[in-house]
Every structure is written in C-alpha cells, then in structure tokens.
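start.pdb (PDB, C-alpha atoms and all ligand atoms) appears below.
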MODEL        1
ATOM      1  CA  MET N   8     -38.263  20.386  35.481  1.00  0.00           C
ATOM      2  CA  LYS N   9     -37.094  20.779  31.918  1.00  0.00           C
ATOM      3  CA  VAL N  10     -33.611  19.588  32.852  1.00  0.00           C
ATOM      4  CA  LYS N  11     -35.054  16.522  34.575  1.00  0.00           C
ATOM      5  CA  ILE N  12     -37.046  15.539  31.495  1.00  0.00           C
ATOM      6  CA  SER N  13     -34.096  15.875  29.134  1.00  0.00           C
ATOM      7  CA  LYS N  14     -31.831  13.885  31.469  1.00  0.00           C
ATOM      8  CA  SER N  15     -34.286  11.026  31.704  1.00  0.00           C
ATOM      9  CA  THR N  16     -34.820  11.173  27.940  1.00  0.00           C
ATOM     10  CA  ILE N  17     -31.067  10.891  27.421  1.00  0.00           C
ATOM     11  CA  ALA N  18     -30.915   7.998  29.892  1.00  0.00           C
ATOM     12  CA  LEU N  19     -33.711   6.228  28.026  1.00  0.00           C
ATOM     13  CA  VAL N  20     -31.966   6.731  24.674  1.00  0.00           C
ATOM     14  CA  VAL N  21     -28.692   5.391  26.122  1.00  0.00           C
ATOM     15  CA  VAL N  22     -30.496   2.294  27.423  1.00  0.00           C
ATOM     16  CA  ILE N  23     -32.161   1.720  24.037  1.00  0.00           C
ATOM     17  CA  ILE N  24     -28.810   2.071  22.229  1.00  0.00           C
ATOM     18  CA  ALA N  25     -27.150  -0.300  24.716  1.00  0.00           C
ATOM     19  CA  ILE N  26     -29.864  -2.918  24.222  1.00  0.00           C
ATOM     20  CA  GLY N  27     -29.662  -2.503  20.452  1.00  0.00           C
ATOM     21  CA  TRP N  28     -25.860  -2.795  20.512  1.00  0.00           C
ATOM     22  CA  PHE N  29     -26.104  -5.938  22.633  1.00  0.00           C
ATOM     23  CA  PHE N  30     -28.375  -7.633  20.116  1.00  0.00           C
ATOM     24  CA  VAL N  31     -26.290  -6.506  17.125  1.00  0.00           C
ATOM     25  CA  SER N  32     -23.002  -7.662  18.705  1.00  0.00           C
ATOM     26  CA  SER N  33     -24.420 -10.985  19.897  1.00  0.00           C
ATOM     27  CA  SER N  34     -25.822 -11.746  16.444  1.00  0.00           C
ATOM     28  CA  ASP N  35     -22.411 -10.781  14.919  1.00  0.00           C
ATOM     29  CA  LYS N  36     -20.713 -13.278  17.224  1.00  0.00           C
ATOM     30  CA  LYS N  37     -23.100 -16.052  16.341  1.00  0.00           C
ATOM     31  CA  SER N  38     -22.752 -15.996  12.570  1.00  0.00           C
ATOM     32  CA  PRO N  39     -18.951 -16.594  12.263  1.00  0.00           C
ATOM     33  CA  ASN N  40     -19.195 -19.489  14.759  1.00  0.00           C
ATOM     34  CA  GLN N  41     -21.964 -21.030  12.728  1.00  0.00           C
ATOM     35  CA  ASN N  42     -19.879 -20.611   9.573  1.00  0.00           C
ATOM     36  CA  ASN N  43     -16.843 -22.216  11.227  1.00  0.00           C
ATOM     37  CA  GLN N  44     -18.908 -25.137  12.403  1.00  0.00           C
ATOM     38  CA  ALA N  45     -20.335 -25.601   8.920  1.00  0.00           C
ATOM     39  CA  GLN N  46     -16.800 -25.541   7.415  1.00  0.00           C
ATOM     40  CA  ASN N  47     -15.521 -28.059   9.952  1.00  0.00           C
ATOM     41  CA  GLN N  48     -18.317 -30.424   9.117  1.00  0.00           C
ATOM     42  CA  THR N  49     -18.055 -30.155   5.358  1.00  0.00           C
ATOM     43  CA  SER N  50     -14.310 -30.062   4.778  1.00  0.00           C
ATOM     44  CA  LEU N  51     -11.350 -30.842   6.992  1.00  0.00           C
ATOM     45  CA  THR N  52      -8.935 -29.756   4.274  1.00  0.00           C
ATOM     46  CA  THR N  53      -9.749 -26.081   4.854  1.00  0.00           C
ATOM     47  CA  ASN N  54      -8.591 -26.335   8.481  1.00  0.00           C
ATOM     48  CA  PRO N  55      -5.156 -24.793   8.990  1.00  0.00           C
ATOM     49  CA  GLN N  56      -2.563 -27.583   9.016  1.00  0.00           C
ATOM     50  CA  ASN N  57       0.485 -25.521   9.686  1.00  0.00           C
ATOM     51  CA  THR N  58       1.409 -21.935  10.484  1.00  0.00           C
ATOM     52  CA  VAL N  59       3.982 -20.399   8.176  1.00  0.00           C
ATOM     53  CA  THR N  60       5.545 -17.084   9.128  1.00  0.00           C
ATOM     54  CA  ILE N  61       7.244 -15.092   6.382  1.00  0.00           C
ATOM     55  CA  ASP N  62       9.128 -11.826   6.757  1.00  0.00           C
ATOM     56  CA  VAL N  63       8.468  -9.483   3.841  1.00  0.00           C
ATOM     57  CA  ILE N  64      10.317  -6.270   3.030  1.00  0.00           C
ATOM     58  CA  ALA N  65       8.468  -3.441   1.286  1.00  0.00           C
ATOM     59  CA  ASN N  66      10.339  -0.561  -0.256  1.00  0.00           C
ATOM     60  CA  GLN N  67      10.192   1.683  -3.305  1.00  0.00           C
ATOM     61  CA  PHE N  68       9.039  -0.100  -5.406  1.00  0.00           C
ATOM     62  CA  SER N  69       8.923  -3.782  -4.626  1.00  0.00           C
ATOM     63  CA  PHE N  70       8.084  -6.503  -2.152  1.00  0.00           C
ATOM     64  CA  ASN N  71      10.603  -9.181  -1.208  1.00  0.00           C
ATOM     65  CA  PRO N  72      10.358 -12.120  -1.418  1.00  0.00           C
ATOM     66  CA  ASN N  73       8.280 -12.224  -4.568  1.00  0.00           C
ATOM     67  CA  PRO N  74       6.617 -14.509  -5.353  1.00  0.00           C
ATOM     68  CA  ILE N  75       5.666 -15.748  -1.885  1.00  0.00           C
ATOM     69  CA  ARG N  76       5.103 -19.521  -1.929  1.00  0.00           C
ATOM     70  CA  VAL N  77       2.934 -21.320   0.602  1.00  0.00           C
ATOM     71  CA  LYS N  78       1.181 -24.652   0.831  1.00  0.00           C
ATOM     72  CA  TYR N  79      -2.537 -25.133   0.489  1.00  0.00           C
ATOM     73  CA  GLY N  80      -4.123 -25.184   3.949  1.00  0.00           C
ATOM     74  CA  ASP N  81      -1.340 -23.218   5.639  1.00  0.00           C
ATOM     75  CA  ARG N  82      -2.161 -20.478   8.066  1.00  0.00           C
ATOM     76  CA  VAL N  83       0.045 -17.740   6.636  1.00  0.00           C
ATOM     77  CA  VAL N  84       1.440 -14.959   8.808  1.00  0.00           C
ATOM     78  CA  LEU N  85       3.205 -12.162   6.934  1.00  0.00           C
ATOM     79  CA  ASN N  86       5.365  -9.740   8.911  1.00  0.00           C
ATOM     80  CA  ILE N  87       5.737  -6.902   6.427  1.00  0.00           C
ATOM     81  CA  THR N  88       8.241  -4.146   7.101  1.00  0.00           C
ATOM     82  CA  SER N  89       8.321  -0.893   5.173  1.00  0.00           C
ATOM     83  CA  GLN N  90      11.897   0.310   4.963  1.00  0.00           C
ATOM     84  CA  ASP N  91      11.234   3.756   3.570  1.00  0.00           C
ATOM     85  CA  VAL N  92       7.877   5.496   3.067  1.00  0.00           C
ATOM     86  CA  THR N  93       4.261   4.537   3.767  1.00  0.00           C
ATOM     87  CA  HIS N  94       3.147   1.660   1.560  1.00  0.00           C
ATOM     88  CA  GLY N  95       0.102  -0.577   1.544  1.00  0.00           C
ATOM     89  CA  PHE N  96      -0.345  -4.319   1.222  1.00  0.00           C
ATOM     90  CA  ALA N  97      -3.528  -5.400  -0.522  1.00  0.00           C
ATOM     91  CA  LEU N  98      -4.331  -9.063  -1.146  1.00  0.00           C
ATOM     92  CA  PRO N  99      -7.976  -8.863  -2.177  1.00  0.00           C
ATOM     93  CA  ASP N 100      -8.490 -12.608  -2.746  1.00  0.00           C
ATOM     94  CA  PHE N 101      -7.979 -13.099   0.996  1.00  0.00           C
ATOM     95  CA  GLY N 102      -9.671  -9.889   2.135  1.00  0.00           C
ATOM     96  CA  ILE N 103      -6.468  -8.115   3.188  1.00  0.00           C
ATOM     97  CA  ASN N 104      -5.598  -4.446   2.826  1.00  0.00           C
ATOM     98  CA  ALA N 105      -3.111  -3.084   5.349  1.00  0.00           C
ATOM     99  CA  ILE N 106      -1.225   0.186   5.723  1.00  0.00           C
ATOM    100  CA  LEU N 107       2.537  -0.217   6.158  1.00  0.00           C
ATOM    101  CA  ASN N 108       3.937   2.669   8.143  1.00  0.00           C
ATOM    102  CA  PRO N 109       7.573   3.680   7.550  1.00  0.00           C
ATOM    103  CA  GLY N 110      10.015   1.675   9.647  1.00  0.00           C
ATOM    104  CA  GLU N 111       7.265  -0.444  11.165  1.00  0.00           C
ATOM    105  CA  THR N 112       6.375  -4.116  10.828  1.00  0.00           C
ATOM    106  CA  THR N 113       2.743  -4.888  10.115  1.00  0.00           C
ATOM    107  CA  THR N 114       1.385  -8.393  10.553  1.00  0.00           C
ATOM    108  CA  VAL N 115      -1.354  -9.778   8.343  1.00  0.00           C
ATOM    109  CA  GLU N 116      -2.610 -13.334   8.317  1.00  0.00           C
ATOM    110  CA  PHE N 117      -4.925 -15.578   6.368  1.00  0.00           C
ATOM    111  CA  VAL N 118      -5.599 -19.233   5.668  1.00  0.00           C
ATOM    112  CA  ALA N 119      -4.435 -20.318   2.217  1.00  0.00           C
ATOM    113  CA  ASN N 120      -7.684 -22.108   1.452  1.00  0.00           C
ATOM    114  CA  LYS N 121      -7.519 -21.631  -2.332  1.00  0.00           C
ATOM    115  CA  ARG N 122      -4.905 -22.929  -4.736  1.00  0.00           C
ATOM    116  CA  GLY N 123      -3.371 -20.766  -7.404  1.00  0.00           C
ATOM    117  CA  ARG N 124      -1.598 -17.483  -7.981  1.00  0.00           C
ATOM    118  CA  PHE N 125      -2.999 -14.442  -6.220  1.00  0.00           C
ATOM    119  CA  GLY N 126      -1.855 -10.902  -6.834  1.00  0.00           C
ATOM    120  CA  PHE N 127      -0.965  -8.456  -4.102  1.00  0.00           C
ATOM    121  CA  TYR N 128      -0.100  -4.820  -4.586  1.00  0.00           C
ATOM    122  CA  CYS N 129       0.789  -1.619  -2.828  1.00  0.00           C
ATOM    123  CA  SER N 130      -2.430   0.220  -2.022  1.00  0.00           C
ATOM    124  CA  VAL N 131      -0.967   3.564  -0.930  1.00  0.00           C
ATOM    125  CA  PRO N 132       0.455   6.054  -3.488  1.00  0.00           C
ATOM    126  CA  CYS N 133       4.172   5.986  -2.695  1.00  0.00           C
ATOM    127  CA  GLY N 134       5.939   7.522  -5.669  1.00  0.00           C
ATOM    128  CA  VAL N 135       6.560   7.167  -9.385  1.00  0.00           C
ATOM    129  CA  GLY N 136       6.835   3.365  -9.220  1.00  0.00           C
ATOM    130  CA  HIS N 137       3.712   2.858  -7.116  1.00  0.00           C
ATOM    131  CA  VAL N 138       1.602   1.122  -9.779  1.00  0.00           C
ATOM    132  CA  GLY N 139       4.391  -1.377 -10.448  1.00  0.00           C
ATOM    133  CA  MET N 140       4.766  -2.266  -6.778  1.00  0.00           C
ATOM    134  CA  ARG N 141       3.081  -5.626  -6.858  1.00  0.00           C
ATOM    135  CA  GLY N 142       3.684  -9.335  -6.599  1.00  0.00           C
ATOM    136  CA  ASN N 143       2.138 -12.766  -6.259  1.00  0.00           C
ATOM    137  CA  ILE N 144       1.368 -15.337  -3.629  1.00  0.00           C
ATOM    138  CA  ILE N 145       1.434 -18.864  -4.982  1.00  0.00           C
ATOM    139  CA  VAL N 146      -0.585 -21.422  -3.045  1.00  0.00           C
ATOM    140  CA  GLU N 147       0.599 -24.922  -4.036  1.00  0.00           C
TER     141      GLU N 147
HETATM  142 CU1  LIG D   1       4.350   1.390  -2.371  1.00  0.00          CU
HETATM  143 CU2  LIG D   1       2.540   2.451  -3.455  1.00  0.00          CU
ENDMDL
END
Output the file's structure in the form of structure tokens.
Amino acid sequence: MKVKISKSTIALVVVIIAIGWFFVSSSDKKSPNQNNQAQNQTSLTTNPQNTVTIDVIANQFSFNPNPIRVKYGDRVVLNITSQDVTHGFALPDFGINAILNPGETTTVEFVANKRGRFGFYCSVPCGVGHVGMRGNIIVE
C-alpha cells in the first residue's frame, strides 16, 4: 500500500514537472522569435549580409590574427584553434565566452551588428602571460 502511494506520488510529480517544463520551454521559444520579427521590421541593416569565416590561432600568449577586421552586418564565424594549453576566448560585447581545449578547434559565431573596436581576451588562466593575452575585433 505504502509503495503504491509513493509510486503514484512520484508519477504525479513527474507529470507536473513535465507540464511545467513544456510551458517554460514553449515560452522560451516564443520570445526570441518575437525579437527577431521586431528586428526585421525595424531595421534591415542588422540582418546578416554575408558570412565571414576566419581561422584564429591561440597560443601562449596571443591570438592571431589580431586585430580581426570584419564588416558591419557580417555574420562572423571564428574557428579558433589552441595550439598548446587550454585557453579561453571571451568577447563580452557579443556575449561570447568559449573554452579552447588544447589541439582543438572551437567555433564561435556572432553578427557584427555594432561598429567599433571590441576587446576579446583569454578567459582561462594559462600561464605568466595570461593577462596580456588579448586582442581586438574591429567592425568597420
Ligand atoms: Cu590564454 Cu589565459
């Protein structure tokens, strides 16, 4: 009897969680679509015009190329390869912070929807030169 009650209680809780998750995930899906629609209506210039893929090398203690130059409106894909130890790639103005595992290529992407010079930096302690491991993306 006791076992039966706890099983049905668990089943009920699972159903409640599933229903709750459904509503949370469906509301998550709605808001970005609404934002995209609003952007499309207000400004065509923020739509990606062109995809630019750039290979970037990370090693102690620099990124190459640096600076990285792109055009306003580009969809920018960075394939970043760490040649030695674990580094990070943080570009806070575009909401990016990635871990770069040794010997691996990590892809990050964003739309260059702001003009100017934006700093990026290594976000994982990687040695004595860590704090100087930084660079710029220039959106022209
Ligand atoms: Cu590279 Cu810290």
Give me, as a Markdown table, the closest atom pair and its distance (Å, one decimal) for every residue of chain N within a cut-off of 12 Å of ligand LIG 1 (chain D), counting all atoms listed in the file, rows sorted by chain and rising number.
| residue | atom | partner | partner_atom | distance |
| --- | --- | --- | --- | --- |
| N:Ile64 | CA | D:LIG1 | CU1 | 11.1 |
| N:Ala65 | CA | D:LIG1 | CU1 | 7.3 |
| N:Asn66 | CA | D:LIG1 | CU1 | 6.6 |
| N:Gln67 | CA | D:LIG1 | CU1 | 5.9 |
| N:Phe68 | CA | D:LIG1 | CU1 | 5.8 |
| N:Ser69 | CA | D:LIG1 | CU1 | 7.3 |
| N:Phe70 | CA | D:LIG1 | CU1 | 8.7 |
| N:Thr88 | CA | D:LIG1 | CU1 | 11.6 |
| N:Ser89 | CA | D:LIG1 | CU1 | 8.8 |
| N:Gln90 | CA | D:LIG1 | CU1 | 10.6 |
| N:Asp91 | CA | D:LIG1 | CU1 | 9.4 |
| N:Val92 | CA | D:LIG1 | CU1 | 7.7 |
| N:Thr93 | CA | D:LIG1 | CU1 | 6.9 |
| N:His94 | CA | D:LIG1 | CU1 | 4.1 |
| N:Gly95 | CA | D:LIG1 | CU1 | 6.1 |
| N:Phe96 | CA | D:LIG1 | CU1 | 8.2 |
| N:Ala97 | CA | D:LIG1 | CU2 | 10.3 |
| N:Ala105 | CA | D:LIG1 | CU1 | 11.6 |
| N:Ile106 | CA | D:LIG1 | CU1 | 9.9 |
| N:Leu107 | CA | D:LIG1 | CU1 | 8.9 |
| N:Asn108 | CA | D:LIG1 | CU1 | 10.6 |
| N:Pro109 | CA | D:LIG1 | CU1 | 10.7 |
| N:Phe127 | CA | D:LIG1 | CU1 | 11.3 |
| N:Tyr128 | CA | D:LIG1 | CU2 | 7.8 |
| N:Cys129 | CA | D:LIG1 | CU2 | 4.5 |
| N:Ser130 | CA | D:LIG1 | CU2 | 5.6 |
| N:Val131 | CA | D:LIG1 | CU2 | 4.5 |
| N:Pro132 | CA | D:LIG1 | CU2 | 4.2 |
| N:Cys133 | CA | D:LIG1 | CU2 | 4.0 |
| N:Gly134 | CA | D:LIG1 | CU2 | 6.5 |
| N:Val135 | CA | D:LIG1 | CU2 | 8.6 |
| N:Gly136 | CA | D:LIG1 | CU2 | 7.2 |
| N:His137 | CA | D:LIG1 | CU2 | 3.9 |
| N:Val138 | CA | D:LIG1 | CU2 | 6.5 |
| N:Gly139 | CA | D:LIG1 | CU2 | 8.2 |
| N:Met140 | CA | D:LIG1 | CU1 | 5.7 |
| N:Arg141 | CA | D:LIG1 | CU1 | 8.4 |
| N:Gly142 | CA | D:LIG1 | CU1 | 11.5 |
*Test item: which residues lie within 10 Å of (6.4, -11.7, 8.1) counting all atoms listed in the file, as a ChimeraX atom specification*: /N:59-64,83-88,112-116
Take the residues from that selection and write them out as a CSV table (one decimal), in the coordinates of the input, keeping C-alpha atoms.
chain,number,residue,atom,x,y,z
N,59,VAL,CA,4.0,-20.4,8.2
N,60,THR,CA,5.5,-17.1,9.1
N,61,ILE,CA,7.2,-15.1,6.4
N,62,ASP,CA,9.1,-11.8,6.8
N,63,VAL,CA,8.5,-9.5,3.8
N,64,ILE,CA,10.3,-6.3,3.0
N,83,VAL,CA,0.0,-17.7,6.6
N,84,VAL,CA,1.4,-15.0,8.8
N,85,LEU,CA,3.2,-12.2,6.9
N,86,ASN,CA,5.4,-9.7,8.9
N,87,ILE,CA,5.7,-6.9,6.4
N,88,THR,CA,8.2,-4.1,7.1
N,112,THR,CA,6.4,-4.1,10.8
N,113,THR,CA,2.7,-4.9,10.1
N,114,THR,CA,1.4,-8.4,10.6
N,115,VAL,CA,-1.4,-9.8,8.3
N,116,GLU,CA,-2.6,-13.3,8.3
*Interatomic distance between CA of Lys121 (chain N) and CA of Arg76 (chain N)?*
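Taking CA of Lys121 (chain N) and CA of Arg76 (chain N), their separation equals 12.8 Å.
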*In Å, rounded to a single decimal, give me how far CA of Asp81 (chain N) is from CA of Thr58 (chain N).*
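So the answer is 5.7 Å.
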*Quote the spacing between CA of Ile103 (chain N) and CA of Gln56 (chain N) in Å to one decimal place.*
20.7 Å
_Counting all atoms listed in the file, the residue of N:Tyr79, N:Asp100, N:Gly110, N:Glu147 that sits nearest Phe125 (chain N)_ =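 Counting all atoms listed in the file, the residue closest to Phe125 (chain N) is N:Asp100.
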Repair of region 103-117 of chain N at the level of N, CA, C and O atoms, as an mmCIF file, in the coordinates of the input:
data_model
loop_
_atom_site.group_PDB
_atom_site.id
_atom_site.type_symbol
_atom_site.label_atom_id
_atom_site.label_comp_id
_atom_site.auth_asym_id
_atom_site.auth_seq_id
_atom_site.Cartn_x
_atom_site.Cartn_y
_atom_site.Cartn_z
ATOM 1 N N ILE N 103 -7.479 -8.845 2.423
ATOM 2 C CA ILE N 103 -6.468 -8.115 3.188
ATOM 3 C C ILE N 103 -6.142 -6.791 2.506
ATOM 4 O O ILE N 103 -5.933 -6.738 1.290
ATOM 5 N N ASN N 104 -6.126 -5.731 3.299
ATOM 6 C CA ASN N 104 -5.598 -4.446 2.826
ATOM 7 C C ASN N 104 -5.061 -3.711 4.045
ATOM 8 O O ASN N 104 -5.820 -3.230 4.877
ATOM 9 N N ALA N 105 -3.742 -3.666 4.165
ATOM 10 C CA ALA N 105 -3.111 -3.084 5.349
ATOM 11 C C ALA N 105 -2.253 -1.887 4.960
ATOM 12 O O ALA N 105 -1.725 -1.817 3.851
ATOM 13 N N ILE N 106 -2.133 -0.954 5.880
ATOM 14 C CA ILE N 106 -1.225 0.186 5.723
ATOM 15 C C ILE N 106 0.112 -0.202 6.346
ATOM 16 O O ILE N 106 0.153 -0.765 7.441
ATOM 17 N N LEU N 107 1.193 0.088 5.642
ATOM 18 C CA LEU N 107 2.537 -0.217 6.158
ATOM 19 C C LEU N 107 3.235 1.095 6.477
ATOM 20 O O LEU N 107 3.674 1.814 5.585
ATOM 21 N N ASN N 108 3.310 1.406 7.749
ATOM 22 C CA ASN N 108 3.937 2.669 8.143
ATOM 23 C C ASN N 108 5.455 2.568 8.046
ATOM 24 O O ASN N 108 6.031 1.499 8.262
ATOM 25 N N PRO N 109 6.115 3.692 7.729
ATOM 26 C CA PRO N 109 7.573 3.680 7.550
ATOM 27 C C PRO N 109 8.291 3.133 8.779
ATOM 28 O O PRO N 109 7.996 3.542 9.906
ATOM 29 N N GLY N 110 9.203 2.204 8.561
ATOM 30 C CA GLY N 110 10.015 1.675 9.647
ATOM 31 C C GLY N 110 9.295 0.720 10.570
ATOM 32 O O GLY N 110 9.879 0.236 11.542
ATOM 33 N N GLU N 111 8.034 0.440 10.286
ATOM 34 C CA GLU N 111 7.265 -0.444 11.165
ATOM 35 C C GLU N 111 6.990 -1.787 10.490
ATOM 36 O O GLU N 111 6.999 -1.891 9.269
ATOM 37 N N THR N 112 6.749 -2.795 11.331
ATOM 38 C CA THR N 112 6.375 -4.116 10.828
ATOM 39 C C THR N 112 4.893 -4.332 11.086
ATOM 40 O O THR N 112 4.418 -4.158 12.213
ATOM 41 N N THR N 113 4.185 -4.660 10.041
ATOM 42 C CA THR N 113 2.743 -4.888 10.115
ATOM 43 C C THR N 113 2.479 -6.363 9.854
ATOM 44 O O THR N 113 3.024 -6.929 8.915
ATOM 45 N N THR N 114 1.679 -6.968 10.703
ATOM 46 C CA THR N 114 1.385 -8.393 10.553
ATOM 47 C C THR N 114 0.002 -8.581 9.951
ATOM 48 O O THR N 114 -0.965 -7.993 10.421
ATOM 49 N N VAL N 115 -0.062 -9.378 8.898
ATOM 50 C CA VAL N 115 -1.354 -9.778 8.343
ATOM 51 C C VAL N 115 -1.376 -11.303 8.314
ATOM 52 O O VAL N 115 -0.325 -11.941 8.268
ATOM 53 N N GLU N 116 -2.550 -11.871 8.391
ATOM 54 C CA GLU N 116 -2.610 -13.334 8.317
ATOM 55 C C GLU N 116 -3.881 -13.804 7.647
ATOM 56 O O GLU N 116 -4.897 -13.111 7.633
ATOM 57 N N PHE N 117 -3.782 -14.981 7.053
ATOM 58 C CA PHE N 117 -4.925 -15.578 6.368
ATOM 59 C C PHE N 117 -4.677 -17.075 6.244
ATOM 60 O O PHE N 117 -3.560 -17.547 6.430
#
